[in-house]
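Heads up, work10.txt below (compact mmCIF, C-alpha atoms):
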# COMPACT_ATOMS: atom_id res chain seq x y z
CA MET A 1 175.59 19.86 153.90
CA THR A 2 178.99 20.93 155.32
CA PHE A 3 180.84 19.67 152.23
CA LEU A 4 179.18 22.48 150.24
CA VAL A 5 181.50 24.93 152.05
CA ASP A 6 184.22 23.75 149.66
CA LEU A 7 182.23 25.01 146.67
CA PRO A 8 183.97 28.08 145.17
CA VAL A 9 181.95 31.26 144.77
CA TRP A 10 182.05 31.29 140.95
CA ALA A 11 180.30 27.89 140.97
CA ALA A 12 178.02 28.58 143.93
CA ILE A 13 176.27 31.51 142.22
CA PRO A 14 175.03 29.65 139.11
CA VAL A 15 174.22 26.57 141.23
CA CYS A 16 172.07 28.72 143.55
CA LEU A 17 170.36 30.52 140.68
CA LEU A 18 169.56 27.28 138.83
CA LEU A 19 168.37 25.54 141.98
CA LEU A 20 166.16 28.45 143.05
CA SER A 21 164.63 28.97 139.60
CA GLY A 22 164.03 25.20 139.26
CA SER A 23 162.31 25.10 142.64
CA ALA A 24 160.32 28.23 141.78
CA LEU A 25 159.07 26.57 138.57
CA THR A 26 158.09 23.46 140.54
CA LEU A 27 156.25 25.64 143.07
CA ALA A 28 154.48 27.45 140.23
CA GLY A 29 153.38 24.07 138.88
CA ALA A 30 151.88 23.23 142.28
CA ILE A 31 150.13 26.62 142.46
CA GLY A 32 148.76 26.07 138.94
CA LEU A 33 147.29 22.77 140.09
CA VAL A 34 145.18 24.75 142.59
CA ARG A 35 144.37 27.74 140.38
CA PHE A 36 143.28 26.07 137.14
CA GLN A 37 139.61 25.24 136.79
CA SER A 38 139.05 21.97 134.94
CA PHE A 39 140.74 18.57 135.09
CA TYR A 40 142.25 19.00 131.62
CA GLU A 41 143.76 22.36 132.54
CA ARG A 42 145.22 20.82 135.67
CA LEU A 43 147.00 18.22 133.52
CA HIS A 44 149.24 21.03 132.26
CA ALA A 45 150.44 22.37 135.60
CA PRO A 46 152.71 19.46 136.68
CA THR A 47 154.52 19.51 133.32
CA LEU A 48 156.24 22.67 134.58
CA CYS A 49 157.87 20.47 137.23
CA THR A 50 158.66 17.56 134.92
CA SER A 51 160.26 19.68 132.19
CA GLY A 52 161.68 22.98 133.40
CA GLY A 53 161.98 22.12 137.10
CA VAL A 54 163.76 18.81 136.62
CA LEU A 55 166.01 20.27 133.90
CA LEU A 56 167.21 23.20 136.02
CA ILE A 57 167.66 21.23 139.25
CA ALA A 58 169.55 18.45 137.45
CA LEU A 59 171.78 21.06 135.79
CA SER A 60 172.62 22.68 139.12
CA SER A 61 173.38 19.26 140.64
CA MET A 62 175.69 18.47 137.70
CA ILE A 63 177.61 21.73 138.17
CA ALA A 64 177.81 21.45 141.98
CA PHE A 65 179.08 17.86 142.18
CA GLY A 66 181.16 18.22 139.03
CA VAL A 67 183.07 21.08 140.63
CA LEU A 68 183.26 19.45 144.07
CA GLN A 69 184.58 16.11 142.78
CA ASN A 70 186.54 17.73 139.93
CA ARG A 71 185.19 15.47 137.16
CA TRP A 72 182.44 15.41 134.56
CA ILE A 73 179.11 14.19 135.91
CA VAL A 74 176.55 13.16 133.32
CA HIS A 75 174.29 10.63 135.01
CA GLU A 76 171.81 13.38 135.91
CA VAL A 77 171.00 13.40 132.19
CA LEU A 78 169.47 9.96 132.76
CA ILE A 79 167.01 11.45 135.26
CA VAL A 80 165.91 14.03 132.69
CA VAL A 81 165.61 11.43 129.93
CA PHE A 82 163.55 9.05 132.07
CA MET A 83 161.27 11.85 133.22
CA ILE A 84 160.62 12.84 129.59
CA VAL A 85 160.04 9.26 128.49
CA THR A 86 157.75 8.23 131.36
CA THR A 87 155.56 11.34 131.84
CA PRO A 88 153.42 10.74 128.71
CA VAL A 89 152.43 7.30 130.01
CA THR A 90 150.84 8.65 133.19
CA LEU A 91 149.44 11.72 131.50
CA MET A 92 147.74 9.79 128.70
CA LEU A 93 146.33 7.29 131.20
CA LEU A 94 144.80 10.10 133.28
CA GLY A 95 143.64 12.06 130.22
CA GLN A 96 142.02 9.05 128.56
CA SER A 97 140.19 7.99 131.70
CA ALA A 98 138.88 11.54 132.12
CA LEU A 99 137.75 11.57 128.45
CA TYR A 100 136.10 8.17 128.88
CA ARG A 101 134.19 9.33 131.96
CA ASP A 102 133.12 12.64 130.42
CA ARG A 103 131.92 10.97 127.22
CA ALA A 104 130.01 8.35 129.19
CA GLU A 105 128.31 11.17 131.09
CA LYS A 106 127.65 12.92 127.75
CA SER A 107 129.41 16.07 128.87
CA ALA A 108 129.11 18.87 126.31
CA GLU A 109 132.62 20.14 126.95
CA VAL A 110 134.58 17.25 125.50
CA PRO A 111 134.62 16.54 121.75
CA ARG A 112 132.97 13.33 120.52
CA LYS A 113 134.85 10.73 118.58
CA THR A 114 135.43 11.76 114.96
CA GLU A 115 132.63 10.75 112.62
CA THR A 116 134.72 9.88 109.56
CA ALA A 117 135.27 6.28 110.61
CA LYS A 118 131.53 5.63 110.50
CA ALA A 119 131.42 6.19 106.72
CA ASP A 120 133.37 2.97 106.20
CA PRO A 121 131.10 0.01 107.00
CA GLY A 122 134.04 -2.41 107.05
CA ILE A 123 135.40 -1.05 110.31
CA ASP A 124 133.83 -2.06 113.58
CA ILE A 125 133.00 1.12 115.43
CA SER A 126 130.64 -0.25 118.04
CA GLY A 127 131.77 1.19 121.34
CA ASN A 128 133.85 3.74 119.50
CA ASP A 129 131.80 6.55 120.97
CA ILE A 130 133.22 6.15 124.47
CA MET B 1 175.70 -12.75 114.59
CA ARG B 2 172.12 -11.52 114.30
CA TYR B 3 171.04 -14.49 116.43
CA TRP B 4 173.39 -13.69 119.27
CA PHE B 5 172.92 -9.93 119.13
CA PRO B 6 169.34 -9.27 117.98
CA TYR B 7 169.37 -5.57 118.92
CA PRO B 8 172.99 -4.36 118.93
CA VAL B 9 172.16 -0.64 119.34
CA LEU B 10 169.80 -1.36 122.23
CA SER B 11 172.47 -3.53 123.88
CA LEU B 12 175.06 -0.75 123.55
CA LEU B 13 172.65 1.82 124.99
CA LEU B 14 171.84 -0.48 127.92
CA LEU B 15 175.54 -1.04 128.56
CA GLY B 16 176.14 2.72 128.53
CA PHE B 17 173.20 3.18 130.90
CA TRP B 18 174.57 0.50 133.26
CA LEU B 19 178.03 2.09 133.35
CA LEU B 20 176.55 5.57 133.91
CA VAL B 21 174.37 4.40 136.78
CA ASN B 22 177.26 2.57 138.42
CA GLN B 23 179.66 5.43 137.65
CA SER B 24 182.54 3.13 136.84
CA VAL B 25 184.30 1.69 133.81
CA SER B 26 186.06 -1.11 135.66
CA PRO B 27 186.36 -4.42 133.74
CA GLY B 28 184.01 -6.15 136.18
CA GLN B 29 181.22 -3.64 135.58
CA ILE B 30 181.75 -3.79 131.81
CA LEU B 31 181.49 -7.60 131.90
CA LEU B 32 178.38 -7.54 134.10
CA GLY B 33 176.82 -4.78 131.96
CA THR B 34 177.52 -6.70 128.74
CA ILE B 35 175.94 -9.90 130.09
CA LEU B 36 172.88 -7.96 131.27
CA SER B 37 172.42 -5.89 128.12
CA VAL B 38 172.75 -8.86 125.74
CA SER B 39 170.36 -11.02 127.74
CA LEU B 40 167.87 -8.16 128.03
CA SER B 41 167.94 -7.65 124.27
CA TRP B 42 167.03 -11.34 123.90
CA ALA B 43 164.01 -10.61 126.05
CA MET B 44 163.09 -7.84 123.61
CA VAL B 45 162.89 -10.39 120.76
CA ASN B 46 159.64 -11.74 122.23
CA LEU B 47 158.11 -8.25 122.25
CA GLU B 48 158.84 -7.85 118.52
CA PRO B 49 159.24 -4.07 118.49
CA SER B 50 159.36 -2.38 115.10
CA LYS B 51 162.98 -1.59 114.40
CA PRO B 52 163.45 2.10 113.80
CA ARG B 53 165.88 3.00 111.01
CA LEU B 54 167.45 6.34 111.65
CA ARG B 55 167.88 7.81 108.20
CA ARG B 56 169.00 11.34 108.97
CA PRO B 57 170.72 11.59 112.37
CA GLY B 58 171.52 15.24 111.62
CA ALA B 59 167.83 16.07 111.69
CA ALA B 60 167.68 14.68 115.25
CA PHE B 61 169.95 17.48 116.48
CA ARG B 62 167.82 20.13 114.78
CA LEU B 63 164.72 18.55 116.34
CA ALA B 64 166.36 18.51 119.79
CA GLY B 65 167.31 22.17 119.41
CA SER B 66 163.81 23.28 118.45
CA VAL B 67 162.27 21.15 121.23
CA ILE B 68 164.55 22.68 123.89
CA LYS B 69 163.66 26.17 122.63
CA ASP B 70 159.93 25.37 122.70
CA ILE B 71 160.16 23.86 126.20
CA ALA B 72 161.85 27.04 127.48
CA GLN B 73 159.31 29.33 125.80
CA SER B 74 156.25 27.37 126.87
CA ASN B 75 157.59 27.04 130.43
CA LEU B 76 157.61 30.84 130.62
CA ALA B 77 154.17 31.06 128.97
CA VAL B 78 152.59 28.60 131.42
CA LEU B 79 154.38 30.30 134.32
CA GLY B 80 152.78 33.57 133.19
CA ALA B 81 149.38 31.87 132.98
CA VAL B 82 149.72 30.43 136.50
CA LEU B 83 150.69 33.77 138.01
CA SER B 84 148.25 35.95 136.03
CA ARG B 85 145.54 37.77 137.96
CA ARG B 86 142.84 37.07 135.39
CA LYS B 87 139.90 34.95 136.43
CA PRO B 88 139.72 32.33 135.04
CA PRO B 89 143.49 32.35 134.40
CA VAL B 90 143.39 30.71 130.95
CA GLN B 91 141.11 29.91 128.03
CA SER B 92 141.84 26.29 127.29
CA ALA B 93 140.45 24.29 124.39
CA PHE B 94 140.54 20.89 122.72
CA VAL B 95 142.32 20.92 119.37
CA MET B 96 142.14 18.26 116.67
CA VAL B 97 145.31 17.74 114.67
CA GLU B 98 145.68 15.49 111.64
CA LEU B 99 148.89 13.46 111.65
CA GLN B 100 150.71 12.18 108.57
CA LEU B 101 153.29 10.13 110.45
CA GLN B 102 153.18 6.38 109.89
CA ASP B 103 155.99 5.07 112.04
CA ASP B 104 155.03 4.00 115.58
CA ASN B 105 158.34 5.14 117.05
CA ALA B 106 157.98 8.57 115.47
CA ILE B 107 154.46 8.92 116.90
CA ALA B 108 155.74 7.85 120.32
CA LEU B 109 158.48 10.47 120.15
CA LEU B 110 155.93 13.10 119.12
CA ALA B 111 153.88 12.13 122.19
CA CYS B 112 156.93 12.67 124.40
CA ILE B 113 157.59 16.07 122.81
CA LEU B 114 154.00 17.33 123.05
CA THR B 115 153.62 16.09 126.62
CA THR B 116 156.91 17.45 127.90
CA THR B 117 156.16 20.87 126.43
CA PRO B 118 153.98 22.60 129.03
CA GLY B 119 150.75 23.95 127.60
CA THR B 120 149.91 20.98 125.39
CA ALA B 121 148.64 17.60 126.56
CA TRP B 122 148.30 14.57 124.30
CA LEU B 123 144.91 13.01 124.97
CA GLU B 124 143.92 10.60 122.26
CA TYR B 125 145.14 9.33 118.90
CA ASP B 126 142.81 7.51 116.57
CA ARG B 127 144.71 5.14 114.27
CA GLN B 128 141.84 4.78 111.81
CA THR B 129 141.14 8.44 111.20
CA ARG B 130 144.71 9.63 112.00
CA MET B 131 143.24 12.35 114.15
CA LEU B 132 145.05 13.40 117.29
CA LEU B 133 143.20 15.14 120.11
CA ILE B 134 145.33 17.49 122.16
CA HIS B 135 144.34 19.86 124.92
CA VAL B 136 145.87 23.32 124.68
CA LEU B 137 146.10 25.35 127.88
CA ASP B 138 146.11 28.85 126.46
CA THR B 139 144.41 29.56 123.15
CA ALA B 140 144.44 33.34 123.61
CA ASP B 141 147.64 33.74 121.59
CA GLY B 142 145.89 32.32 118.53
CA LYS B 143 148.54 29.79 117.53
CA ASP B 144 147.70 27.40 114.72
CA TRP B 145 148.54 24.06 116.33
CA GLN B 146 147.90 22.04 113.18
CA SER B 147 150.63 23.93 111.33
CA ILE B 148 152.97 23.91 114.35
CA VAL B 149 152.73 20.12 114.69
CA THR B 150 152.96 19.54 110.94
CA HIS B 151 155.74 21.94 110.04
CA ARG B 152 157.85 22.10 113.18
CA TYR B 153 157.79 18.50 114.43
CA GLU B 154 156.32 16.14 111.86
CA ARG B 155 158.57 17.32 109.02
CA LEU B 156 161.72 16.62 111.07
CA LEU B 157 160.37 13.35 112.52
CA LYS B 158 159.63 12.18 108.97
CA GLU B 159 163.19 12.99 107.93
CA ILE B 160 164.53 10.98 110.86
CA PHE B 161 162.30 7.90 110.80
CA GLU B 162 160.69 7.50 107.39

As structure tokens, the full file:
Amino acid sequence: MTFLVDLPVWAAIPVCLLLLSGSALTLAGAIGLVRFQSFYERLHAPTLCTSGGVLLIALSSMIAFGVLQNRWIVHEVLIVVFMIVTTPVTLMLLGQSALYRDRAEKSAEVPRKTETAKADPGIDISGNDI
Amino acid sequence: MRYWFPYPVLSLLLLGFWLLVNQSVSPGQILLGTILSVSLSWAMVNLEPSKPRLRRPGAAFRLAGSVIKDIAQSNLAVLGAVLSRRKPPVQSAFVMVELQLQDDNAIALLACILTTTPGTAWLEYDRQTRMLLIHVLDTADGKDWQSIVTHRYERLLKEIFE
């Protein structure tokens, strides 16, 4: 980390603030994972890390290495974009499997499938309930 | 022309991605990136994705602005919920939302937006009934999620894609 000594003070302050607040958000996401009660509530906690945390840490990295190497650095944007594009895939997979399990166990907390499809006899709804 | 370059925009985006990752614009990298991006877009032909037509690119900027604002606000809201001393910390609930969007790409983008915003999780979308099931972390503030999704996101997504 010795190369960071070259970082001027005016750049070091925002870099530190962004990095610390990004890490704090990520930590808060981890704490939320412990504090929240149900599986569905716990789905929300890591999104603090994948949205705010990643955004702030990537921004501080862009400023730090942009100033150190004296050029524009934009490839951190790719990290943010790929995080945003790929998170829904995992989250939906986890959420749907939890829904499937809870409906199979006839848990009262999760909503059933909507009934409107059953009015139309042309649509096959067997197995639609889970 | 269409035969050789089936997805020109995708090829250009892939080339830009390749150059960004390699952090160079040397002729060799441009050549390699072009070969890769064109051959990868041929691979896409077999997947037959629906081609999105961007009708109003200006609306995309407004959408991006409102999404960034919402992400910042909901980050703070969820942070407050995590650190609150109440027990249990939040009152979460399942919310049904009716979607009017038709375009698959627009629905996929809506999924990215709702998932990335802390406090809402996309759980299930039923194509037949057009009902979307989302899980909302904190319902104590009494927000009307149907109107938020319809007026804030769907209206702009419709302008962009449909």

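The list of residues within 10 Å of (171.5, 12.2, 132.2), counted using all atoms listed in the file, is Leu55, Ala58, Leu59, Met62, Ile73, Val74, His75, Glu76, Val77, Leu78, Ile79, Val80, Val81 and Phe82 of chain A; Phe17, Leu20 and Val21 of chain B.
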
Please determine the contact residues of chain B with respect to chain A at a cut-off of 7 Å, counting all atoms listed in the file, and supply them as a PyMOL selection string.
chain B and resi 20-21+75+79+82+89+92+111-112+115-116+118-124+128-129+137

Can you write out the residues you just picked, keeping C-alpha atoms, as a compact mmCIF listing (two decimals), in the frame of the given file?
# COMPACT_ATOMS: atom_id res chain seq x y z
CA LEU B 20 176.55 5.57 133.91
CA VAL B 21 174.37 4.40 136.78
CA ASN B 75 157.59 27.04 130.43
CA LEU B 79 154.38 30.30 134.32
CA VAL B 82 149.72 30.43 136.50
CA PRO B 89 143.49 32.35 134.40
CA SER B 92 141.84 26.29 127.29
CA ALA B 111 153.88 12.13 122.19
CA CYS B 112 156.93 12.67 124.40
CA THR B 115 153.62 16.09 126.62
CA THR B 116 156.91 17.45 127.90
CA PRO B 118 153.98 22.60 129.03
CA GLY B 119 150.75 23.95 127.60
CA THR B 120 149.91 20.98 125.39
CA ALA B 121 148.64 17.60 126.56
CA TRP B 122 148.30 14.57 124.30
CA LEU B 123 144.91 13.01 124.97
CA GLU B 124 143.92 10.60 122.26
CA GLN B 128 141.84 4.78 111.81
CA THR B 129 141.14 8.44 111.20
CA LEU B 137 146.10 25.35 127.88

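For the pair CA of Pro27 in chain B and CA of Trp4 in chain B, the separation is 21.5 Å.
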
Using all atoms listed in the file, the shortest atom-to-atom distance to Glu159 in chain B among B:Ile68, B:Ile30, B:Ile134, B:Leu63 belongs to B:Leu63

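The gap separating CA of Ile113 in chain B from CA of Lys51 in chain B is 20.3 Å, in Å to one decimal.
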
Quick one, how far is CA of Cys16 in chain A from CA of Ile63 in chain A?
10.4 Å

Compile a residue-level contact table for range 23-74 of chain A against range 6-11 of chain A at a cut-off of 12 Å, reporting for every qualifying residue the shortest atom pair and its distance in Å to one decimal, with only C-alpha atoms counted, rows ordered by chain and ascending number, as CSV.
residue,atom,partner,partner_atom,distance
A:Ser60,CA,A:Ala11,CA,9.5
A:Ser61,CA,A:Ala11,CA,11.1
A:Met62,CA,A:Ala11,CA,11.0
A:Ile63,CA,A:Ala11,CA,7.3
A:Ala64,CA,A:Ala11,CA,7.0
A:Phe65,CA,A:Leu7,CA,9.0
A:Gly66,CA,A:Ala11,CA,9.9
A:Val67,CA,A:Leu7,CA,7.3
A:Leu68,CA,A:Leu7,CA,6.2
A:Gln69,CA,A:Leu7,CA,10.0
A:Asn70,CA,A:Leu7,CA,10.8

Of the candidates A:Ile13, A:Leu19, A:Ala104, A:Thr2, which one gets nearest to Ile57 in chain A if we count all atoms listed in the file?
A:Leu19

Among listed residues B:Leu14, B:Ala140, B:Leu109, B:Arg55, nearest Phe161 in chain B (using all atoms listed in the file)
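The shortest atom-to-atom distance to Phe161 in chain B comes from B:Arg55.
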
Would you fill out range 44-67 of chain B with N, CA and C atoms and return it as a compact mmCIF listing (two decimals), keeping the file's coordinate frame?
# COMPACT_ATOMS: atom_id res chain seq x y z
N MET B 44 163.82 -8.74 124.51
CA MET B 44 163.09 -7.84 123.61
C MET B 44 162.59 -8.57 122.37
N VAL B 45 163.28 -9.68 121.98
CA VAL B 45 162.89 -10.39 120.76
C VAL B 45 161.43 -10.82 120.85
N ASN B 46 161.02 -11.27 122.06
CA ASN B 46 159.64 -11.74 122.23
C ASN B 46 158.63 -10.61 122.08
N LEU B 47 159.04 -9.37 122.36
CA LEU B 47 158.11 -8.25 122.25
C LEU B 47 157.95 -7.80 120.81
N GLU B 48 158.88 -8.19 119.94
CA GLU B 48 158.84 -7.85 118.52
C GLU B 48 158.58 -6.37 118.28
N PRO B 49 159.44 -5.50 118.78
CA PRO B 49 159.24 -4.07 118.49
C PRO B 49 159.62 -3.78 117.04
N SER B 50 158.98 -2.75 116.45
CA SER B 50 159.36 -2.38 115.10
C SER B 50 160.71 -1.68 115.16
N LYS B 51 161.63 -2.15 114.33
CA LYS B 51 162.98 -1.59 114.40
C LYS B 51 163.03 -0.24 113.71
N PRO B 52 163.35 0.81 114.46
CA PRO B 52 163.45 2.10 113.80
C PRO B 52 164.75 2.18 112.99
N ARG B 53 164.66 2.75 111.79
CA ARG B 53 165.88 3.00 111.01
C ARG B 53 166.11 4.49 110.99
N LEU B 54 167.18 4.91 111.61
CA LEU B 54 167.45 6.34 111.65
C LEU B 54 168.12 6.76 110.35
N ARG B 55 167.36 7.47 109.51
CA ARG B 55 167.88 7.81 108.20
C ARG B 55 168.73 9.06 108.23
N ARG B 56 168.28 10.07 108.97
CA ARG B 56 169.00 11.34 108.97
C ARG B 56 169.31 11.75 110.40
N PRO B 57 170.42 11.24 110.98
CA PRO B 57 170.72 11.59 112.37
C PRO B 57 170.91 13.10 112.56
N GLY B 58 171.33 13.80 111.50
CA GLY B 58 171.52 15.24 111.62
C GLY B 58 170.23 15.96 111.96
N ALA B 59 169.11 15.44 111.42
CA ALA B 59 167.83 16.07 111.69
C ALA B 59 167.46 15.94 113.16
N ALA B 60 167.99 14.89 113.83
CA ALA B 60 167.68 14.68 115.25
C ALA B 60 168.21 15.84 116.09
N PHE B 61 169.39 16.35 115.72
CA PHE B 61 169.95 17.48 116.48
C PHE B 61 169.11 18.74 116.28
N ARG B 62 168.66 18.96 115.01
CA ARG B 62 167.82 20.13 114.78
C ARG B 62 166.51 20.01 115.56
N LEU B 63 165.96 18.77 115.58
CA LEU B 63 164.72 18.55 116.34
C LEU B 63 164.94 18.83 117.81
N ALA B 64 166.06 18.32 118.37
CA ALA B 64 166.36 18.51 119.79
C ALA B 64 166.48 20.00 120.09
N GLY B 65 167.16 20.74 119.20
CA GLY B 65 167.31 22.17 119.41
C GLY B 65 165.98 22.89 119.45
N SER B 66 165.10 22.57 118.48
CA SER B 66 163.81 23.28 118.45
C SER B 66 162.94 22.86 119.62
N VAL B 67 163.08 21.59 120.08
CA VAL B 67 162.27 21.15 121.23
C VAL B 67 162.72 21.87 122.50
